[in-house]
Amino acid sequence: MSSPLDLTGPEERTERTEAQVPADSAEHLSEHETPSRADPAPTEPPFAADAAEDDGFDDDDDAEDAGPEVSDEIRAATEALKAAEAEDAQAAAEAGDEAEEPEAVILEPEPEPAANEPELQAPTTTRTGEPAEIDPDEMDPDALKVVLRLHQHGHQAYLVGGCVRDLLLGKKPKDFDVATSAHPGEVRAIFRNCRLIGRRFRLAHVYFKGGKIVEVSTFRANPTELEPAAGAAGAEEGQSGEDLLITHDNVFGTAQQDARRRDFTINGLFYDAAEGRVIDYVRGRRDLDERFIRTIGDPEIRMREDPVRILRAVRFAAKLDLDIESRTYAAMEGAVEDLPRCAPARLLEETFRLIRGGVSAPALKLLAALDALKILLPPVDAYLRENGKEGEKTFYAFAQALDKRVSAGEVLDDAILLAALLVPISRAQPPVEESQDEGRASVSRVIEDLLAGFVESARLPRRIAERCRMLLLMQRTLSGERRRKTGAFRRHPLFNEALAVYAMTVEATGEGREVLEAWQAGEVPPPRAGAAGGADAEGTRRKRRRRRRRRSGSGSGSGEGGGSGASSGSDAGEG
């Protein structure tokens with residue numbers, strides 16, 4: 001059976017266009033995250049053990065087995081991974097963003113101030129003498145420089161979105177974004193190290209030392225607000241079936257319009273660093289105090305405008321430990337059926353944001369309650385339905401093990417994150433033992449289909465899909481389910497990543513701890529009794545082969561050589 005990931009032809013890997021990111025493109029920028037993480041190229045980790053030290057396995061001390069051989073399925077998967085990485089690199093090189101300017105080379109955000117220029121410093125008190133609502137020391141100094149310099153040049157400029165929300169909740173923001181009345185070209189004229197990005201709606205990136213970027217957006221308006229009369233007429237005529245999905249969002253506006261077009265009240269807060277006060281056009285302070293997530297405006301309309309807001313609400317609820325207001329939750333339930341209308345790349349990226357945040361367990365539970373997993377992760381939804389309470393317990397144990405590592409600061413790439421959540425499905429579903437494409441073994445069909453769909457429609461880089469697939473294949477070797485050439489397996493570039501996934505399996509299930517400890521200590525765990533071909537028979541065959549090889553070195557007859565050839569043939573079949 002051919003693997004669905006074995007696609008032919010160069011993959012079209014273009015930068016996501018603004019048209020595919022309607023509605024909340026600036027809301028996403030409030031918590032700056034790149035659309036897809038670039039995975040570091042796999043590097044070969046150092047291992048103390050080699051083939052000669054793995055006594056009792058197939059790594060004999062002869063020239064035949066000393067090379068970097070592994071099982072056929074892993075070797076084939078490695079070749080597929082190399083091809084995917086080369087294809088992604090070629091596609092990325094061909095795709096280049098023509099609208100972007102060359103990288104800035106000057107790292108300071110402003111020229112040396114003139115003698116008569118005031119010092120750029122945020123006040124610690126308001127004009128009335130009260131303390132600033134947010135201590136300037138808690139803010140990013142470079143973001144403050146951007147805000148204050150825009151003020152110097154006569155523009156409105158505020159810290160916006162997630163950074164204001166997190167500071168008011170006593171949390172450390174991941175990044176700081178700025179919204180201003182200045183148009184992109186005016187921002188570019190003020191900061192000599194500014195770079196404009198975006199094809200349709202231009203954004204300004206101001207560069208600082210160390211590669212830090214402060215993103216500056218111009219105030220925008222919700223396009224639906226520009227035709228209130230038409231909207232009212234439609235409502236009077238009872239056009240309840242009107243398509244509200246926003247497909248364009250390229251309209252400059254005022255600060256108040258920019259706040260109102262955002263998704264939730266807690267994300268519509270602005271902070272005026274020059275005045276030391278929070279600007280609240282949408283009653284976000286009230287909802288922060290009450291710990292509610294509430295849409296700005298009618299929740300039914302806002303969710304229909306952009307159903308991806310369902311995932312954003314789930315992420316904020318899980319990340320910030322907030323409750324979703326009842327009308328907002330009801331609107332989310334009703335808008336789940338509209339999720340397939342959203343760009344698959346946006347859905348996948350928002351799903352990865354849930355997993356990367358260290359709160360995948362509560363977030364996925366909420367998505368399951370909303371019946372959204374059937375659209376986002378169909379194999380997970382099917383697994384939970386088919387396996388009942390026991391399946392839920394197992395799956396969320398894996399999610400909690402993943403969250404524990406992410407919360408501890410461990411850096412895990414997207415392939416590991418996805419593989420960790422798919423291990424329960426892989427364990428429950430029988431693998432496709434051999435495909436018709438070069439004899440390559442596969443993981444379960446539902447996982448193959450999921451990864452292929454992500455590559456084809458959601459623009460998941462092929463290398464991430466292949467790495468995920470390979471990590472799942474390697475779990476069978478780590479657990480002892482399949483025989484292996486242990487020295488070569490340890491030298492595999494993804495061995496450490498695969499072992500990290502296996503460690504999460506041990507933590508989630510409580511099984512295989514001794515095997516994990518043996519791998520971590522550089523030792524060789526014994527194969528499981530059910531390993532391919534039968535452990536007892538394999539052990540006997542290995543022992544016989546070694547004795548014959550030692551005698552053959554002293555001039556043994558041709559019969560012994562024939563025995564060695566038979567053993568080699570059996571290894572190839574067991575890969």
# chains A, B, ... in the order shown; residues from 1 in each chain; ligands from 1

$ closest_atom_pairs --of "region 360-449 of chain A" --to "region 468-471 of chain A" --cutoff "9 Å" --atoms "only C-alpha atoms" --output "JSON lines"
{"residue": "A:Asp414", "atom": "CA", "partner": "A:Cys468", "partner_atom": "CA", "distance": 8.3}
{"residue": "A:Ala415", "atom": "CA", "partner": "A:Cys468", "partner_atom": "CA", "distance": 4.6}
{"residue": "A:Ile416", "atom": "CA", "partner": "A:Cys468", "partner_atom": "CA", "distance": 6.4}
{"residue": "A:Leu417", "atom": "CA", "partner": "A:Cys468", "partner_atom": "CA", "distance": 8.6}
{"residue": "A:Leu418", "atom": "CA", "partner": "A:Cys468", "partner_atom": "CA", "distance": 6.7}
{"residue": "A:Ala419", "atom": "CA", "partner": "A:Cys468", "partner_atom": "CA", "distance": 5.3}
{"residue": "A:Ala420", "atom": "CA", "partner": "A:Cys468", "partner_atom": "CA", "distance": 8.9}
{"residue": "A:Ser442", "atom": "CA", "partner": "A:Arg469", "partner_atom": "CA", "distance": 8.0}
{"residue": "A:Val443", "atom": "CA", "partner": "A:Arg469", "partner_atom": "CA", "distance": 6.9}
{"residue": "A:Ile447", "atom": "CA", "partner": "A:Arg469", "partner_atom": "CA", "distance": 8.3}
{"residue": "A:Glu448", "atom": "CA", "partner": "A:Arg469", "partner_atom": "CA", "distance": 7.8}

$ residues_around --residues "Val501 (chain A)" --least-positions-apart "6" --cutoff "12 Å" --atoms "only C-alpha atoms" --output "PyMOL selection string"
chain A and resi 398-399+401-402+405+412-413+415-424+468+470-476+478-479+494-495+507-508+516

$ write_last_selection --atoms "N, CA and C atoms" --output "tab-separated table (two decimals), in the first residue's frame"
chain	number	residue	atom	x	y	z
A	398	PHE	N	-1.07	11.44	27.70
A	398	PHE	CA	0.00	11.82	26.77
A	398	PHE	C	0.06	13.35	26.63
A	399	ALA	N	-1.09	14.00	26.52
A	399	ALA	CA	-1.11	15.45	26.40
A	399	ALA	C	-0.51	16.12	27.64
A	401	ALA	N	1.72	14.79	29.67
A	401	ALA	CA	3.17	14.55	29.65
A	401	ALA	C	3.86	15.54	28.72
A	402	LEU	N	3.22	15.84	27.58
A	402	LEU	CA	3.77	16.83	26.65
A	402	LEU	C	3.76	18.21	27.29
A	405	ARG	N	6.61	18.89	29.75
A	405	ARG	CA	7.92	19.19	29.15
A	405	ARG	C	7.96	20.61	28.58
A	412	LEU	N	10.71	21.84	21.92
A	412	LEU	CA	10.29	20.70	21.11
A	412	LEU	C	9.77	21.22	19.78
A	413	ASP	N	10.26	20.65	18.68
A	413	ASP	CA	9.79	21.14	17.39
A	413	ASP	C	8.40	20.56	17.09
A	415	ALA	N	7.29	18.56	14.88
A	415	ALA	CA	7.20	17.13	14.60
A	415	ALA	C	7.08	16.33	15.90
A	416	ILE	N	7.83	16.71	16.92
A	416	ILE	CA	7.75	16.02	18.21
A	416	ILE	C	6.40	16.27	18.87
A	417	LEU	N	5.93	17.51	18.82
A	417	LEU	CA	4.64	17.84	19.43
A	417	LEU	C	3.52	17.01	18.81
A	418	LEU	N	3.51	16.94	17.49
A	418	LEU	CA	2.46	16.19	16.82
A	418	LEU	C	2.60	14.69	17.06
A	419	ALA	N	3.84	14.19	17.02
A	419	ALA	CA	4.06	12.76	17.23
A	419	ALA	C	3.61	12.33	18.63
A	420	ALA	N	3.89	13.17	19.63
A	420	ALA	CA	3.52	12.80	21.00
A	420	ALA	C	2.01	12.63	21.15
A	421	LEU	N	1.22	13.44	20.44
A	421	LEU	CA	-0.23	13.33	20.52
A	421	LEU	C	-0.77	12.17	19.68
A	422	LEU	N	0.01	11.74	18.68
A	422	LEU	CA	-0.47	10.68	17.81
A	422	LEU	C	-0.01	9.29	18.26
A	423	VAL	N	0.87	9.22	19.25
A	423	VAL	CA	1.34	7.91	19.73
A	423	VAL	C	0.18	7.02	20.18
A	424	PRO	N	-0.80	7.51	20.98
A	424	PRO	CA	-1.89	6.61	21.38
A	424	PRO	C	-2.65	6.04	20.19
A	468	CYS	N	7.70	13.53	11.77
A	468	CYS	CA	6.67	12.99	12.67
A	468	CYS	C	6.44	11.52	12.37
A	470	MET	N	8.42	9.42	11.00
A	470	MET	CA	9.59	8.62	11.36
A	470	MET	C	9.70	8.43	12.86
A	471	LEU	N	9.38	9.46	13.62
A	471	LEU	CA	9.41	9.34	15.08
A	471	LEU	C	8.43	8.27	15.55
A	472	LEU	N	7.27	8.19	14.90
A	472	LEU	CA	6.29	7.16	15.26
A	472	LEU	C	6.79	5.78	14.89
A	473	LEU	N	7.44	5.65	13.73
A	473	LEU	CA	8.01	4.36	13.34
A	473	LEU	C	9.07	3.89	14.34
A	474	MET	N	9.87	4.83	14.82
A	474	MET	CA	10.98	4.47	15.72
A	474	MET	C	10.49	4.05	17.10
A	475	GLN	N	9.24	4.38	17.44
A	475	GLN	CA	8.73	3.96	18.75
A	475	GLN	C	8.66	2.44	18.85
A	476	ARG	N	8.38	1.77	17.76
A	476	ARG	CA	8.29	0.31	17.79
A	476	ARG	C	9.65	-0.31	18.05
A	478	LEU	N	12.17	1.32	19.74
A	478	LEU	CA	12.53	1.68	21.11
A	478	LEU	C	11.84	0.79	22.14
A	479	SER	N	10.61	0.44	21.88
A	479	SER	CA	9.86	-0.38	22.83
A	479	SER	C	10.25	-1.85	22.78
A	494	LEU	N	17.68	11.21	14.39
A	494	LEU	CA	16.47	11.48	15.15
A	494	LEU	C	16.35	10.60	16.40
A	495	PHE	N	17.44	9.95	16.79
A	495	PHE	CA	17.35	9.05	17.95
A	495	PHE	C	16.94	9.80	19.22
A	507	GLU	N	5.94	7.97	30.65
A	507	GLU	CA	5.32	8.79	31.68
A	507	GLU	C	3.79	8.69	31.63
A	508	ALA	N	3.24	8.61	30.42
A	508	ALA	CA	1.79	8.58	30.27
A	508	ALA	C	1.20	7.22	30.63
A	516	LEU	N	13.38	2.30	28.92
A	516	LEU	CA	13.78	3.69	28.75
A	516	LEU	C	15.10	3.97	29.47

$ select_by_dssp --residues "region 296-474 of chain A" --states "helix (DSSP H, G or I)" --output "JSON, numbers by chain"
{"A": [299, 300, 301, 302, 303, 304, 305, 309, 310, 311, 312, 313, 314, 315, 316, 317, 318, 319, 320, 326, 327, 328, 329, 330, 331, 332, 333, 334, 335, 336, 337, 338, 339, 340, 341, 344, 345, 346, 347, 348, 349, 350, 351, 352, 353, 354, 355, 356, 360, 361, 362, 363, 364, 365, 366, 367, 368, 369, 373, 374, 375, 376, 378, 379, 380, 381, 382, 383, 384, 385, 386, 387, 388, 389, 390, 391, 392, 393, 394, 395, 396, 397, 398, 399, 400, 401, 402, 403, 404, 405, 406, 407, 414, 415, 416, 417, 418, 419, 420, 421, 422, 423, 424, 425, 426, 427, 428, 445, 446, 447, 448, 449, 450, 451, 452, 453, 454, 455, 456, 457, 462, 463, 464, 465, 466, 467, 468, 469, 470, 471, 472, 473, 474]}

$ closest_residue --among "A:Leu348, A:Ala397, A:Ala361, A:Leu168" --to "Leu376 (chain A)" --atoms "only C-alpha atoms"
A:Leu348

$ residues_around --residues "Thr509 (chain A)" --least-positions-apart "3" --cutoff "12 Å" --atoms "only C-alpha atoms" --output "list in words"
Glu390, Gly391, Lys393, Thr394, Phe395, Tyr396, Ala397, Phe398, Ala399, Gln400, Ala401, Val423, Pro424, Arg427, Tyr502, Ala503, Met504, Thr505, Val506, Gly512 and Arg513 of chain A

$ select_by_dssp --residues "region 216-452 of chain A" --states "strand (DSSP E or B)" --output "PyMOL selection string"
chain A and resi 216-218+220+252+264+269-272+277-280+292-293+295+323-324

$ atom_distance --atom1 "CA of Arg482 (chain A)" --atom2 "CA of Leu451 (chain A)"
23.4 Å

$ residues_around --residues "Thr218 (chain A)" --least-positions-apart "6" --cutoff "7 Å" --atoms "only C-alpha atoms" --output "PDB file with N, CA, C and O atoms, in the first residue's frame"
ATOM      1  N   ALA A 179       0.462  49.716  17.973  1.00  0.00           N
ATOM      2  CA  ALA A 179      -0.479  50.210  16.968  1.00  0.00           C
ATOM      3  C   ALA A 179      -0.383  51.726  16.934  1.00  0.00           C
ATOM      4  O   ALA A 179      -0.208  52.375  17.978  1.00  0.00           O
ATOM      5  N   THR A 180      -0.496  52.304  15.753  1.00  0.00           N
ATOM      6  CA  THR A 180      -0.251  53.736  15.599  1.00  0.00           C
ATOM      7  C   THR A 180      -1.156  54.328  14.525  1.00  0.00           C
ATOM      8  O   THR A 180      -1.687  53.625  13.666  1.00  0.00           O
ATOM      9  N   SER A 181      -1.311  55.651  14.587  1.00  0.00           N
ATOM     10  CA  SER A 181      -2.031  56.366  13.534  1.00  0.00           C
ATOM     11  C   SER A 181      -1.142  56.590  12.317  1.00  0.00           C
ATOM     12  O   SER A 181      -1.636  56.949  11.241  1.00  0.00           O
ATOM     13  N   ALA A 182       0.165  56.402  12.453  1.00  0.00           N
ATOM     14  CA  ALA A 182       1.088  56.610  11.337  1.00  0.00           C
ATOM     15  C   ALA A 182       0.916  55.506  10.297  1.00  0.00           C
ATOM     16  O   ALA A 182       0.769  54.332  10.648  1.00  0.00           O
ATOM     17  N   HIS A 183       0.922  55.886   9.038  1.00  0.00           N
ATOM     18  CA  HIS A 183       0.849  54.911   7.972  1.00  0.00           C
ATOM     19  C   HIS A 183       2.207  54.213   7.817  1.00  0.00           C
ATOM     20  O   HIS A 183       3.233  54.739   8.268  1.00  0.00           O
ATOM     21  N   PRO A 184       2.250  53.034   7.189  1.00  0.00           N
ATOM     22  CA  PRO A 184       3.519  52.295   7.106  1.00  0.00           C
ATOM     23  C   PRO A 184       4.676  53.112   6.548  1.00  0.00           C
ATOM     24  O   PRO A 184       5.796  53.034   7.065  1.00  0.00           O
ATOM     25  N   PHE A 252      -7.778  51.375   6.722  1.00  0.00           N
ATOM     26  CA  PHE A 252      -7.242  52.130   7.843  1.00  0.00           C
ATOM     27  C   PHE A 252      -8.387  52.753   8.638  1.00  0.00           C
ATOM     28  O   PHE A 252      -9.454  53.054   8.093  1.00  0.00           O
TER      29      PHE A 252
END

$ residues_around --residues "Ala255 (chain A)" --least-positions-apart "6" --cutoff "12 Å" --atoms "only C-alpha atoms" --output "ChimeraX atom specification"
/A:155-160,178-182,217-222,261-262,268-272,279-282

$ write_last_selection --atoms "C-alpha atoms" --output "short mmCIF file (atom, residue, chain, number, x, y, z; two decimals), in the first residue's frame"
data_model
loop_
_atom_site.label_atom_id
_atom_site.label_comp_id
_atom_site.auth_asym_id
_atom_site.auth_seq_id
_atom_site.Cartn_x
_atom_site.Cartn_y
_atom_site.Cartn_z
CA HIS A 155 1.42 60.35 15.92
CA GLN A 156 -0.79 58.38 18.24
CA ALA A 157 0.94 55.18 19.34
CA TYR A 158 0.02 52.57 21.93
CA LEU A 159 1.09 49.18 23.19
CA VAL A 160 -1.76 46.88 22.20
CA VAL A 178 2.49 48.65 18.76
CA ALA A 179 -0.48 50.21 16.97
CA THR A 180 -0.25 53.74 15.60
CA SER A 181 -2.03 56.37 13.53
CA ALA A 182 1.09 56.61 11.34
CA SER A 217 0.64 48.20 12.67
CA THR A 218 -1.51 51.09 11.53
CA PHE A 219 -4.97 51.45 13.10
CA ARG A 220 -7.56 49.52 11.09
CA ALA A 221 -11.34 49.42 10.93
CA ASN A 222 -13.66 46.46 10.63
CA ARG A 261 -12.50 45.25 15.25
CA ARG A 262 -10.49 42.91 17.53
CA GLY A 268 -8.89 45.25 22.82
CA LEU A 269 -6.97 47.12 25.53
CA PHE A 270 -4.45 49.83 24.59
CA TYR A 271 -1.77 51.32 26.82
CA ASP A 272 -0.62 54.90 26.42
CA ILE A 279 -7.32 53.04 27.18
CA ASP A 280 -10.37 50.80 27.24
CA TYR A 281 -12.87 51.27 24.42
CA VAL A 282 -14.46 47.81 24.81
#

$ decode --residues "region 289-409 of chain A" --atoms "C-alpha atoms" --output "mmCIF file, in the first residue's frame"
data_model
loop_
_atom_site.group_PDB
_atom_site.id
_atom_site.type_symbol
_atom_site.label_atom_id
_atom_site.label_comp_id
_atom_site.auth_asym_id
_atom_site.auth_seq_id
_atom_site.Cartn_x
_atom_site.Cartn_y
_atom_site.Cartn_z
ATOM 1 C CA ASP A 289 -11.415 41.540 36.593
ATOM 2 C CA GLU A 290 -14.286 39.053 36.230
ATOM 3 C CA ARG A 291 -11.971 36.596 34.408
ATOM 4 C CA PHE A 292 -14.249 36.236 31.402
ATOM 5 C CA ILE A 293 -13.553 35.815 27.708
ATOM 6 C CA ARG A 294 -16.204 37.771 25.813
ATOM 7 C CA THR A 295 -16.417 38.820 22.177
ATOM 8 C CA ILE A 296 -16.480 42.465 21.190
ATOM 9 C CA GLY A 297 -19.989 42.882 19.823
ATOM 10 C CA ASP A 298 -22.545 40.204 19.001
ATOM 11 C CA PRO A 299 -20.839 36.808 19.525
ATOM 12 C CA GLU A 300 -22.944 35.114 16.843
ATOM 13 C CA ILE A 301 -21.787 37.631 14.248
ATOM 14 C CA ARG A 302 -18.157 37.712 15.402
ATOM 15 C CA MET A 303 -17.795 33.931 15.295
ATOM 16 C CA ARG A 304 -19.407 33.742 11.859
ATOM 17 C CA GLU A 305 -17.098 36.496 10.619
ATOM 18 C CA ASP A 306 -14.082 34.369 11.469
ATOM 19 C CA PRO A 307 -14.599 30.877 12.975
ATOM 20 C CA VAL A 308 -10.891 30.630 13.806
ATOM 21 C CA ARG A 309 -11.824 32.783 16.804
ATOM 22 C CA ILE A 310 -13.128 29.542 18.326
ATOM 23 C CA LEU A 311 -9.572 28.250 18.588
ATOM 24 C CA ARG A 312 -8.289 31.569 19.868
ATOM 25 C CA ALA A 313 -10.918 31.624 22.627
ATOM 26 C CA VAL A 314 -9.957 28.076 23.598
ATOM 27 C CA ARG A 315 -6.273 29.011 23.682
ATOM 28 C CA PHE A 316 -6.825 32.056 25.887
ATOM 29 C CA ALA A 317 -9.128 30.138 28.225
ATOM 30 C CA ALA A 318 -6.551 27.367 28.688
ATOM 31 C CA LYS A 319 -3.499 29.629 28.802
ATOM 32 C CA LEU A 320 -4.890 32.301 31.133
ATOM 33 C CA ASP A 321 -7.257 30.078 33.160
ATOM 34 C CA LEU A 322 -10.280 32.192 32.209
ATOM 35 C CA ASP A 323 -13.928 31.236 31.734
ATOM 36 C CA ILE A 324 -15.739 31.728 28.435
ATOM 37 C CA GLU A 325 -18.838 33.888 28.798
ATOM 38 C CA SER A 326 -22.036 31.876 28.167
ATOM 39 C CA ARG A 327 -23.238 33.674 25.016
ATOM 40 C CA THR A 328 -19.760 33.530 23.546
ATOM 41 C CA TYR A 329 -19.540 29.796 24.253
ATOM 42 C CA ALA A 330 -22.940 29.172 22.658
ATOM 43 C CA ALA A 331 -21.817 31.082 19.550
ATOM 44 C CA MET A 332 -18.646 28.977 19.419
ATOM 45 C CA GLU A 333 -20.718 25.795 19.446
ATOM 46 C CA GLY A 334 -22.819 27.066 16.568
ATOM 47 C CA ALA A 335 -19.831 28.200 14.489
ATOM 48 C CA VAL A 336 -17.898 24.915 14.659
ATOM 49 C CA GLU A 337 -19.568 23.780 11.438
ATOM 50 C CA ASP A 338 -18.036 26.815 9.685
ATOM 51 C CA LEU A 339 -14.439 25.854 10.527
ATOM 52 C CA PRO A 340 -13.938 23.995 7.214
ATOM 53 C CA ARG A 341 -14.540 27.305 5.426
ATOM 54 C CA CYS A 342 -11.379 28.763 6.952
ATOM 55 C CA ALA A 343 -7.998 28.443 5.295
ATOM 56 C CA PRO A 344 -6.534 25.057 6.347
ATOM 57 C CA ALA A 345 -3.156 26.690 6.993
ATOM 58 C CA ARG A 346 -4.735 29.021 9.588
ATOM 59 C CA LEU A 347 -6.526 26.136 11.298
ATOM 60 C CA LEU A 348 -3.335 24.092 11.479
ATOM 61 C CA GLU A 349 -1.276 27.000 12.807
ATOM 62 C CA GLU A 350 -3.832 27.799 15.517
ATOM 63 C CA THR A 351 -3.913 24.101 16.456
ATOM 64 C CA PHE A 352 -0.121 24.080 16.798
ATOM 65 C CA ARG A 353 -0.301 27.213 18.962
ATOM 66 C CA LEU A 354 -2.541 25.320 21.361
ATOM 67 C CA ILE A 355 -0.010 22.495 21.581
ATOM 68 C CA ARG A 356 3.061 24.740 21.819
ATOM 69 C CA GLY A 357 1.643 26.663 24.760
ATOM 70 C CA GLY A 358 2.017 23.905 27.333
ATOM 71 C CA VAL A 359 -1.770 23.674 27.824
ATOM 72 C CA SER A 360 -2.692 21.130 25.165
ATOM 73 C CA ALA A 361 -4.590 18.879 27.607
ATOM 74 C CA PRO A 362 -7.199 21.433 28.762
ATOM 75 C CA ALA A 363 -7.373 23.012 25.299
ATOM 76 C CA LEU A 364 -8.020 19.708 23.532
ATOM 77 C CA LYS A 365 -10.609 18.759 26.144
ATOM 78 C CA LEU A 366 -12.459 21.991 25.414
ATOM 79 C CA LEU A 367 -12.229 21.420 21.665
ATOM 80 C CA ALA A 368 -13.603 17.907 22.157
ATOM 81 C CA ALA A 369 -16.523 19.334 24.150
ATOM 82 C CA LEU A 370 -17.191 21.755 21.272
ATOM 83 C CA ASP A 371 -17.063 18.843 18.792
ATOM 84 C CA ALA A 372 -14.265 20.596 16.888
ATOM 85 C CA LEU A 373 -11.674 17.791 16.967
ATOM 86 C CA LYS A 374 -13.482 15.966 14.165
ATOM 87 C CA ILE A 375 -12.429 18.854 11.893
ATOM 88 C CA LEU A 376 -9.012 19.685 13.328
ATOM 89 C CA LEU A 377 -7.653 16.222 14.255
ATOM 90 C CA PRO A 378 -9.993 13.531 12.894
ATOM 91 C CA PRO A 379 -7.907 10.530 14.091
ATOM 92 C CA VAL A 380 -7.898 11.896 17.640
ATOM 93 C CA ASP A 381 -11.658 12.424 17.545
ATOM 94 C CA ALA A 382 -12.216 8.873 16.241
ATOM 95 C CA TYR A 383 -9.865 7.412 18.865
ATOM 96 C CA LEU A 384 -11.690 9.169 21.714
ATOM 97 C CA ARG A 385 -15.086 8.035 20.438
ATOM 98 C CA GLU A 386 -14.059 4.431 19.855
ATOM 99 C CA ASN A 387 -12.168 3.905 23.100
ATOM 100 C CA GLY A 388 -14.479 5.637 25.540
ATOM 101 C CA LYS A 389 -13.346 6.672 29.017
ATOM 102 C CA GLU A 390 -10.224 4.527 28.913
ATOM 103 C CA GLY A 391 -9.183 6.097 25.617
ATOM 104 C CA GLU A 392 -9.749 9.593 26.993
ATOM 105 C CA LYS A 393 -7.651 8.780 30.049
ATOM 106 C CA THR A 394 -4.791 7.483 27.889
ATOM 107 C CA PHE A 395 -4.844 10.294 25.346
ATOM 108 C CA TYR A 396 -4.965 13.107 27.883
ATOM 109 C CA ALA A 397 -2.194 11.434 29.869
ATOM 110 C CA PHE A 398 -0.002 11.822 26.765
ATOM 111 C CA ALA A 399 -1.111 15.454 26.399
ATOM 112 C CA GLN A 400 -0.260 16.153 30.045
ATOM 113 C CA ALA A 401 3.170 14.552 29.652
ATOM 114 C CA LEU A 402 3.767 16.826 26.654
ATOM 115 C CA ASP A 403 2.564 19.918 28.553
ATOM 116 C CA LYS A 404 4.898 19.109 31.433
ATOM 117 C CA ARG A 405 7.916 19.190 29.151
ATOM 118 C CA VAL A 406 6.841 22.358 27.345
ATOM 119 C CA SER A 407 6.103 24.151 30.638
ATOM 120 C CA ALA A 408 9.540 23.147 31.923
ATOM 121 C CA GLY A 409 11.086 25.104 29.048
#
